[in-house]
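Below: one structure, written as structure tokens.
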Amino acid sequence: MNHLQLVLSGLFVGSFYALVALGYSMVYGIIKLLNFAHGDLYMLGAFAGFIVLSVGAGALGGGFIALIAIMIVAMIATGGFGMLLERVAYRPLRSAPRLSVLITAVGASFALEYGIAVGFGPTPEVYPIGVQDGTLHIANAQITYAQLAMMAIAVTLMVALDTIVRKTRSGRAMRAISQDPKACLLMGVNVDRVISRTFFIGSALAGAAGVMAGAYYGKIDFLMGFIIGLKAFTAAVIGGIGNLRGAVLGAIVLGLLESFGGAYLGSEWRDVFAFCFLILFLTVRPTGLLGERVTERV
Amino acid sequence: MNDESTLRAGEKPSAYVSAVEEHTSVNTAPALKGAGISASSRSAIGGGISRFLASRWLGLGAAIAALALPLISSSTYVIQIAVDALIFVMLAVGLNIVVGYCGLLDLGYAAFFAIGAYTSGLLSTQFGWPLIATVPVVVVAAIVGGLLIGGPTLRLRSDYLAIVTLGFGEIIRITANNLDFTGGPNGLYGIPDFGDFGLRADIALYWITAVVVIAAVLFSSRLGRGRIGRAWRFVREDEDAAEAMGIHTYRVKFAAYIAGAIFGGVAGVLFAAHQTAISPPSFNFLWSALILMAVVLGGMASTPGVVVGALVISLLPELLRDAENWRYLLFGLLLIVFMIFRPQGLLPARTGEPGRRGRRAQEGAS
């Protein structure tokens with residue numbers, strides 16, 4: 001068993017999970033909503049990139065510059081859709097019972113999946129950009145340049161997000177709303193606009209991950225977001241849901257766990273292993289690695 | 001199969017019940033206004049319809065119609081889809097206990113369905129048990145599954161339960177797919193039925209299914225109106241208040257979850273007998289989502305609503321065969337639209353109103 005190889009592939013998968021888990025965790029942190037449709041926004045990002053590629057394949061050429069350009073377009077499209085979703089489906093229900101909001105989120109997820117199935121057909125689409133090139137050898141393990149570049153992009157996006165949330169004015173508003181939305185309203189924070197912005201950022205990150213997954217795996221289909229949505233939630237719970245650095249940590253832990261678990265138990269048990277770990281974690285430490293114990297006020 | 005008010009006439013709810021139920025009606029009032037029709041006219045029309053639907057004669061009539069179906073039309077096609085629809089009704093009624101009565105979102109309900117189908121399928125094909133003898137084992141297996149998932153998650157916020165059950169559904173499906181003794185991706189086949197009792201085999205199965213499902217519908221509606229049902233509704237409306245009033249919320253939620261699991265497991269036995277072959281794709285998330293839609297669109301906590309919702313969702317594919325993806329897209333959009341404009345569903349629950357009205361009339365007379 002080549003442990004270094006397992007660590008590298010775990011880190012790579014973990015960086016995908018982290019991009020999706022961040023959006024999950026952000027939205028949950030601010031309005032306490034489990035956005036089931038988040039995994040489907042990842043799928044939507046992959047399809048947005050697919051459309052751009054199919055339309056402008058000749059003009060863009062290949063390589064990483066094209067990939068980054070496509071990613072930016074897909075991020076804007078997915079982010080915009082996330083805002084629309086919040087405006088249409090979640091905002092009218094902000095004061096409704098929790099069950100109604102959860103059911104709405106399930107409906108949104110379902111509508112997105114089958115909307116894409118109606119538009120593109122249920123068969124997988126082949127992604128017209130491939131990024132398979134050189135390989136870097138480290139000791140007895142190997143990692144492709146494509147994997148390295150994607151990890152770099154993911155880390156850049158995470159650092160950018162962390163800076164936005166910690167340093168900027170709107171980041172401060174987000175943190176304030178997560179503490180007390182009513183007080184924010186009284187202090188003149190435009191709560192609706194900040195929540196919209198949060199949805200934009202979270203969805204855009206998921207969209208970026210979707211394009212990366214499309215380019216890396218070469219195939220996309222309308223159900224690709226289902227499992228990764230679950231995994232991202234698991235990552236967010238492991239790290240402590242609502243905590244952004246925790247989400248990244250949880251995603252890396254989950255990536256490594258899966259990579260080692262898959263190697264020792266057989267890859268067909270990888271998903272079962274991850275979800276069992278979620279249940280175990282909720283039993284032992286429901287607040288996650290970095291989460292704080294939150295007392296619920298009546 | 002409607003029985004919301006069977007035996008209701010003899011029931012005189014206590015003041016405590018009325019208080020809980022008034023609480024419920026307050027919550028649905030804004031939703032009625034949101035629909036753009038004045039609340040009074042809407043409730044008069046809706047009240048009339050739902051009173052009609054909740055009358056015990058209609059429930060009795062529906063049960064008789066269900067039992068008499070093979071005498072009206074005995075074509076294999078009709079019997080086939082009728083058994084499917086009845087099993088779906090049973091699943092919806094079982095999920096209604098969890099989602100409707102207790103307000104817990106279970107997104108992996110198909111897991112219990114799978115546990116039931118696989119347990120009885122394995123015992124009958126590998127060990128040669130008669131199918132009826134597998135039912136107690138199925139019930140135990142469903143309870144164990146419910147304990148495993150409910151134990152850690154029911155103490156947490158309800159959101160966690162939703163996503164953990166989603167994961168549980170996947171765990172069960174992937175496990176069935178990977179193990180050898182469950183037949184892997186091919187599944188199990190050659191599952192026997194309950195015996196034909198001298199009738200045509202599918203009609204015998206139909207009658208058994210119909211009796212079980214009618215009993216299940218009755219049982220769940222009685223559960224919902226008993227002491228435990230009131231506790232469930234209280235927990236759904238306000239968990240903290242329920243806790244403060246001395247309800248052991250964790251135990252009460254557990255009871256709902258386990259009851260739902262047993263319903264799902266028994267429906268799985270019927271499914272295994274009906275299909276004679278089961279495989280992992282029969283138990284994917286789509287199933288769980290469709291059952292949830294039947295409950296939500298029909299009307300959470302309303303037995304007639306849930307039964308009608310289940311019949312509509314299970315019979316609709318027969319009418320719209322080609323438009324599968326469109327249908328699911330529509331269901332997804334409908335869930336959002338219903339939650340925003342009509343969260344109580346098409347045929348909302350009418351809890352205990354006849355009793356209250358009766359008592360007021362008496363008070364006025366005296």
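Just so we're on the same page: first chain in the structure tokens is A, next is B, and so on; residues restart at 1 for each chain, and ligands are numbered from 1 in the order they show up.
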Who sits within 8 Å of Ile174 (chain B), only C-alpha atoms, same chain under 5 positions skipped, as number ranges by chain: A: 269, 272; B: 280
Output file for the residues above (N, CA and C atoms, as an mmCIF file, in the first residue's frame):
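Result file result-v9.cif:
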data_model
loop_
_atom_site.group_PDB
_atom_site.id
_atom_site.type_symbol
_atom_site.label_atom_id
_atom_site.label_comp_id
_atom_site.auth_asym_id
_atom_site.auth_seq_id
_atom_site.Cartn_x
_atom_site.Cartn_y
_atom_site.Cartn_z
ATOM 1 N N TRP A 269 -16.811 0.304 -1.325
ATOM 2 C CA TRP A 269 -17.341 0.645 0.000
ATOM 3 C C TRP A 269 -17.032 2.069 0.394
ATOM 4 N N VAL A 272 -20.151 4.206 1.442
ATOM 5 C CA VAL A 272 -20.729 3.674 2.682
ATOM 6 C C VAL A 272 -19.859 4.074 3.862
ATOM 7 N N PRO B 280 -31.141 -3.585 -6.092
ATOM 8 C CA PRO B 280 -30.845 -2.306 -5.439
ATOM 9 C C PRO B 280 -31.470 -1.076 -6.107
#
- Message: I'd like the neighbourhood of Ala141 (chain A) as a PyMOL selection string, where a residue qualifies if any of its atoms comes within 7 Å (using only C-alpha atoms), though same-chain residues fewer than 3 positions away should be ignored.
- Response: chain A and resi 4-5+137-138
Compile the residues of chain B that lie within 9 Å of chain A, evaluated using only C-alpha atoms, and express the compilation as a ChimeraX atom specification. /B:99,103-105,107,149,151-153,156,158-160,162-164,166-168,170-172,174-175,178,237,240,289,292-293,296,325-340,343
Would you output that residue set with N, CA and C atoms, as a CSV table (one decimal), in the first residue's frame?
chain,number,residue,atom,x,y,z
B,99,VAL,N,-43.2,12.3,9.1
B,99,VAL,CA,-43.2,13.7,8.6
B,99,VAL,C,-44.4,14.5,9.0
B,103,GLY,N,-43.3,15.8,12.3
B,103,GLY,CA,-42.6,16.9,11.7
B,103,GLY,C,-41.1,16.6,11.5
B,104,LEU,N,-40.7,15.3,11.4
B,104,LEU,CA,-39.3,15.0,11.2
B,104,LEU,C,-39.2,14.7,9.7
B,105,LEU,N,-38.2,15.2,9.1
B,105,LEU,CA,-38.0,15.0,7.6
B,105,LEU,C,-37.2,13.7,7.4
B,107,LEU,N,-35.6,11.5,4.6
B,107,LEU,CA,-35.3,11.5,3.2
B,107,LEU,C,-34.8,10.1,2.7
B,149,ILE,N,-30.3,4.7,13.2
B,149,ILE,CA,-30.3,6.0,12.6
B,149,ILE,C,-30.9,7.0,13.6
B,151,GLY,N,-31.2,6.9,16.9
B,151,GLY,CA,-30.5,7.0,18.1
B,151,GLY,C,-29.6,8.2,18.2
B,152,PRO,N,-28.6,8.3,17.2
B,152,PRO,CA,-27.8,9.5,17.3
B,152,PRO,C,-28.4,10.8,16.8
B,153,THR,N,-29.3,10.7,15.9
B,153,THR,CA,-29.7,12.0,15.2
B,153,THR,C,-30.9,12.6,15.8
B,156,LEU,N,-30.5,15.7,17.9
B,156,LEU,CA,-30.0,16.9,17.3
B,156,LEU,C,-31.1,17.7,16.6
B,158,SER,N,-33.5,19.0,13.8
B,158,SER,CA,-34.2,18.1,12.8
B,158,SER,C,-33.5,18.1,11.4
B,159,ASP,N,-32.8,19.2,11.1
B,159,ASP,CA,-32.1,19.2,9.8
B,159,ASP,C,-31.1,18.0,9.7
B,160,TYR,N,-30.4,17.7,10.8
B,160,TYR,CA,-29.5,16.6,10.7
B,160,TYR,C,-30.1,15.3,10.4
B,162,ALA,N,-32.7,14.8,8.5
B,162,ALA,CA,-33.0,14.8,7.1
B,162,ALA,C,-31.8,14.3,6.3
B,163,ILE,N,-30.6,14.9,6.6
B,163,ILE,CA,-29.5,14.5,5.7
B,163,ILE,C,-28.9,13.2,6.1
B,164,VAL,N,-29.0,12.8,7.4
B,164,VAL,CA,-28.5,11.5,7.8
B,164,VAL,C,-29.3,10.4,7.2
B,166,LEU,N,-30.9,10.6,4.5
B,166,LEU,CA,-30.5,10.6,3.1
B,166,LEU,C,-29.3,9.7,2.9
B,167,GLY,N,-28.3,9.9,3.8
B,167,GLY,CA,-27.1,9.0,3.7
B,167,GLY,C,-27.4,7.6,4.0
B,168,PHE,N,-28.3,7.4,5.0
B,168,PHE,CA,-28.7,6.0,5.3
B,168,PHE,C,-29.3,5.3,4.2
B,170,GLU,N,-28.6,5.7,1.1
B,170,GLU,CA,-27.5,5.4,0.2
B,170,GLU,C,-26.7,4.2,0.8
B,171,ILE,N,-26.5,4.2,2.1
B,171,ILE,CA,-25.7,3.1,2.7
B,171,ILE,C,-26.4,1.8,2.4
B,172,ILE,N,-27.8,1.7,2.7
B,172,ILE,CA,-28.5,0.5,2.5
B,172,ILE,C,-28.4,0.0,1.0
B,174,ILE,N,-26.2,0.8,-1.4
B,174,ILE,CA,-24.9,0.5,-1.9
B,174,ILE,C,-24.5,-0.9,-1.2
B,175,THR,N,-24.9,-1.1,0.1
B,175,THR,CA,-24.5,-2.3,0.7
B,175,THR,C,-25.2,-3.5,0.0
B,178,ASN,N,-23.3,-4.3,-3.0
B,178,ASN,CA,-22.0,-4.8,-2.9
B,178,ASN,C,-21.9,-6.2,-2.3
B,237,GLU,N,-45.3,21.1,16.5
B,237,GLU,CA,-45.6,22.6,16.5
B,237,GLU,C,-44.6,23.3,17.3
B,240,ASP,N,-39.9,22.9,22.2
B,240,ASP,CA,-39.5,23.4,23.5
B,240,ASP,C,-40.7,23.4,24.4
B,289,ALA,N,-38.1,10.2,-2.4
B,289,ALA,CA,-38.6,11.5,-2.7
B,289,ALA,C,-40.0,11.5,-3.2
B,292,LEU,N,-42.3,11.1,-0.2
B,292,LEU,CA,-42.4,12.4,0.5
B,292,LEU,C,-43.3,13.3,-0.3
B,293,MET,N,-43.3,13.3,-1.6
B,293,MET,CA,-44.2,14.1,-2.3
B,293,MET,C,-45.6,13.8,-2.1
B,296,VAL,N,-46.5,15.3,1.2
B,296,VAL,CA,-46.6,16.7,1.2
B,296,VAL,C,-47.7,17.3,0.4
B,325,ASN,N,-39.1,12.5,-17.1
B,325,ASN,CA,-38.3,13.6,-16.5
B,325,ASN,C,-39.1,14.9,-16.3
B,326,TRP,N,-40.0,15.1,-17.3
B,326,TRP,CA,-40.9,16.3,-17.1
B,326,TRP,C,-41.7,16.1,-15.8
B,327,ARG,N,-42.2,14.9,-15.6
B,327,ARG,CA,-43.0,14.7,-14.4
B,327,ARG,C,-42.2,15.0,-13.1
B,328,TYR,N,-41.0,14.5,-13.1
B,328,TYR,CA,-40.2,14.8,-11.9
B,328,TYR,C,-39.9,16.3,-11.7
B,329,LEU,N,-39.6,16.9,-12.8
B,329,LEU,CA,-39.4,18.4,-12.8
B,329,LEU,C,-40.6,19.0,-12.2
B,330,LEU,N,-41.8,18.6,-12.7
B,330,LEU,CA,-43.0,19.2,-12.2
B,330,LEU,C,-43.2,18.9,-10.7
B,331,PHE,N,-42.9,17.7,-10.3
B,331,PHE,CA,-43.0,17.4,-8.8
B,331,PHE,C,-42.2,18.3,-8.0
B,332,GLY,N,-40.9,18.5,-8.5
B,332,GLY,CA,-40.0,19.4,-7.7
B,332,GLY,C,-40.5,20.8,-7.6
B,333,LEU,N,-41.0,21.3,-8.7
B,333,LEU,CA,-41.6,22.7,-8.7
B,333,LEU,C,-42.8,22.7,-7.8
B,334,LEU,N,-43.6,21.7,-7.9
B,334,LEU,CA,-44.9,21.7,-7.1
B,334,LEU,C,-44.5,21.7,-5.6
B,335,LEU,N,-43.5,21.0,-5.2
B,335,LEU,CA,-43.1,21.0,-3.8
B,335,LEU,C,-42.8,22.4,-3.3
B,336,ILE,N,-42.1,23.2,-4.2
B,336,ILE,CA,-41.7,24.6,-3.8
B,336,ILE,C,-43.0,25.4,-3.7
B,337,VAL,N,-43.8,25.3,-4.8
B,337,VAL,CA,-45.0,26.1,-4.8
B,337,VAL,C,-46.0,25.8,-3.7
B,338,PHE,N,-46.1,24.5,-3.3
B,338,PHE,CA,-47.0,24.1,-2.2
B,338,PHE,C,-46.4,24.7,-0.9
B,339,MET,N,-45.1,24.6,-0.7
B,339,MET,CA,-44.6,25.0,0.6
B,339,MET,C,-44.8,26.5,0.7
B,340,ILE,N,-44.8,27.3,-0.4
B,340,ILE,CA,-44.9,28.7,-0.3
B,340,ILE,C,-46.4,29.1,-0.1
B,343,PRO,N,-48.9,25.2,2.4
B,343,PRO,CA,-48.1,24.2,3.1
B,343,PRO,C,-48.9,23.1,3.8
| query | Skipping near chain neighbours, those fewer than 4 positions away, what residues fall within 8 Å of Ala209 (chain A) using only C-alpha atoms, listed as a PyMOL selection string? | reply | chain A and resi 16+19-20+42+45-46+154+205+213
Notebook entry, point to check: Looking only at the backbone, which of the residues in region 39-205 of chain A does DSSP tag as helix (DSSP H, G or I), as a PyMOL selection string?
Noted result: chain A and resi 39-60+63-93+98-120+145-167+169-179+181-186+191-205
| message | Applying 7 Å and only C-alpha atoms, which residues near region 26-29 of chain A remain after dropping the ones on its own chain fewer than 3 positions away? List them as a list in words. | response | Leu22, Gly23, Lys32, Leu33, Leu34, Ser178, Thr198, Phe199, Gly202, Gly242 and Leu244 of chain A
With N, CA and C atoms retained, write the just-selected residues as a compact mmCIF listing (two decimals), in the first residue's frame.
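Ended up saving to selection02.txt:
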# COMPACT_ATOMS: atom_id res chain seq x y z
N LEU A 22 -17.82 24.56 1.46
CA LEU A 22 -17.78 25.96 1.90
C LEU A 22 -19.12 26.64 1.69
N GLY A 23 -19.72 26.42 0.51
CA GLY A 23 -21.01 27.04 0.23
C GLY A 23 -22.08 26.52 1.18
N LYS A 32 -29.16 29.35 8.73
CA LYS A 32 -29.53 28.06 9.33
C LYS A 32 -30.40 27.23 8.38
N LEU A 33 -30.04 27.29 7.10
CA LEU A 33 -30.79 26.52 6.10
C LEU A 33 -29.86 25.47 5.51
N LEU A 34 -30.32 24.21 5.51
CA LEU A 34 -29.58 23.17 4.82
C LEU A 34 -30.02 23.21 3.38
N SER A 178 -24.95 36.09 10.93
CA SER A 178 -24.96 34.72 11.45
C SER A 178 -25.11 34.75 12.97
N THR A 198 -24.31 36.07 -0.11
CA THR A 198 -23.79 34.81 0.41
C THR A 198 -24.13 33.66 -0.52
N PHE A 199 -25.38 33.65 -0.97
CA PHE A 199 -25.79 32.59 -1.91
C PHE A 199 -24.97 32.67 -3.18
N GLY A 202 -21.38 31.29 -2.37
CA GLY A 202 -21.41 29.85 -2.13
C GLY A 202 -21.69 29.06 -3.40
N GLY A 242 -21.12 25.63 9.67
CA GLY A 242 -21.19 27.07 9.90
C GLY A 242 -19.81 27.69 10.05
N LEU A 244 -16.18 28.20 8.45
CA LEU A 244 -15.60 28.06 7.11
C LEU A 244 -14.27 27.32 7.12
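The list of residues with at least one atom within 8 Å of Leu205 (chain B), based on only C-alpha atoms and without residues fewer than 6 positions apart in the same chain, reads Asp193, Phe194, Gly195, Asp196, Ala273 and His274 of chain B.
Our summary of the geometry notes that CA of Gly82 (chain A) is positioned 27.1 Å from CA of Gln147 (chain A).
Separating CA of Arg225 (chain B) from CA of Val307 (chain B) is a distance of 16.7 Å.
Nearest residue to Arg197 (chain A), choosing from A:Val155, A:Val253, A:Met174, A:Ile143 and counting only C-alpha atoms: A:Met174.
If only C-alpha atoms are the atoms counted, then among B:Leu311, B:Ile143, B:Val89, B:Ala272 the closest residue to Ala216 (chain B) is B:Val89.
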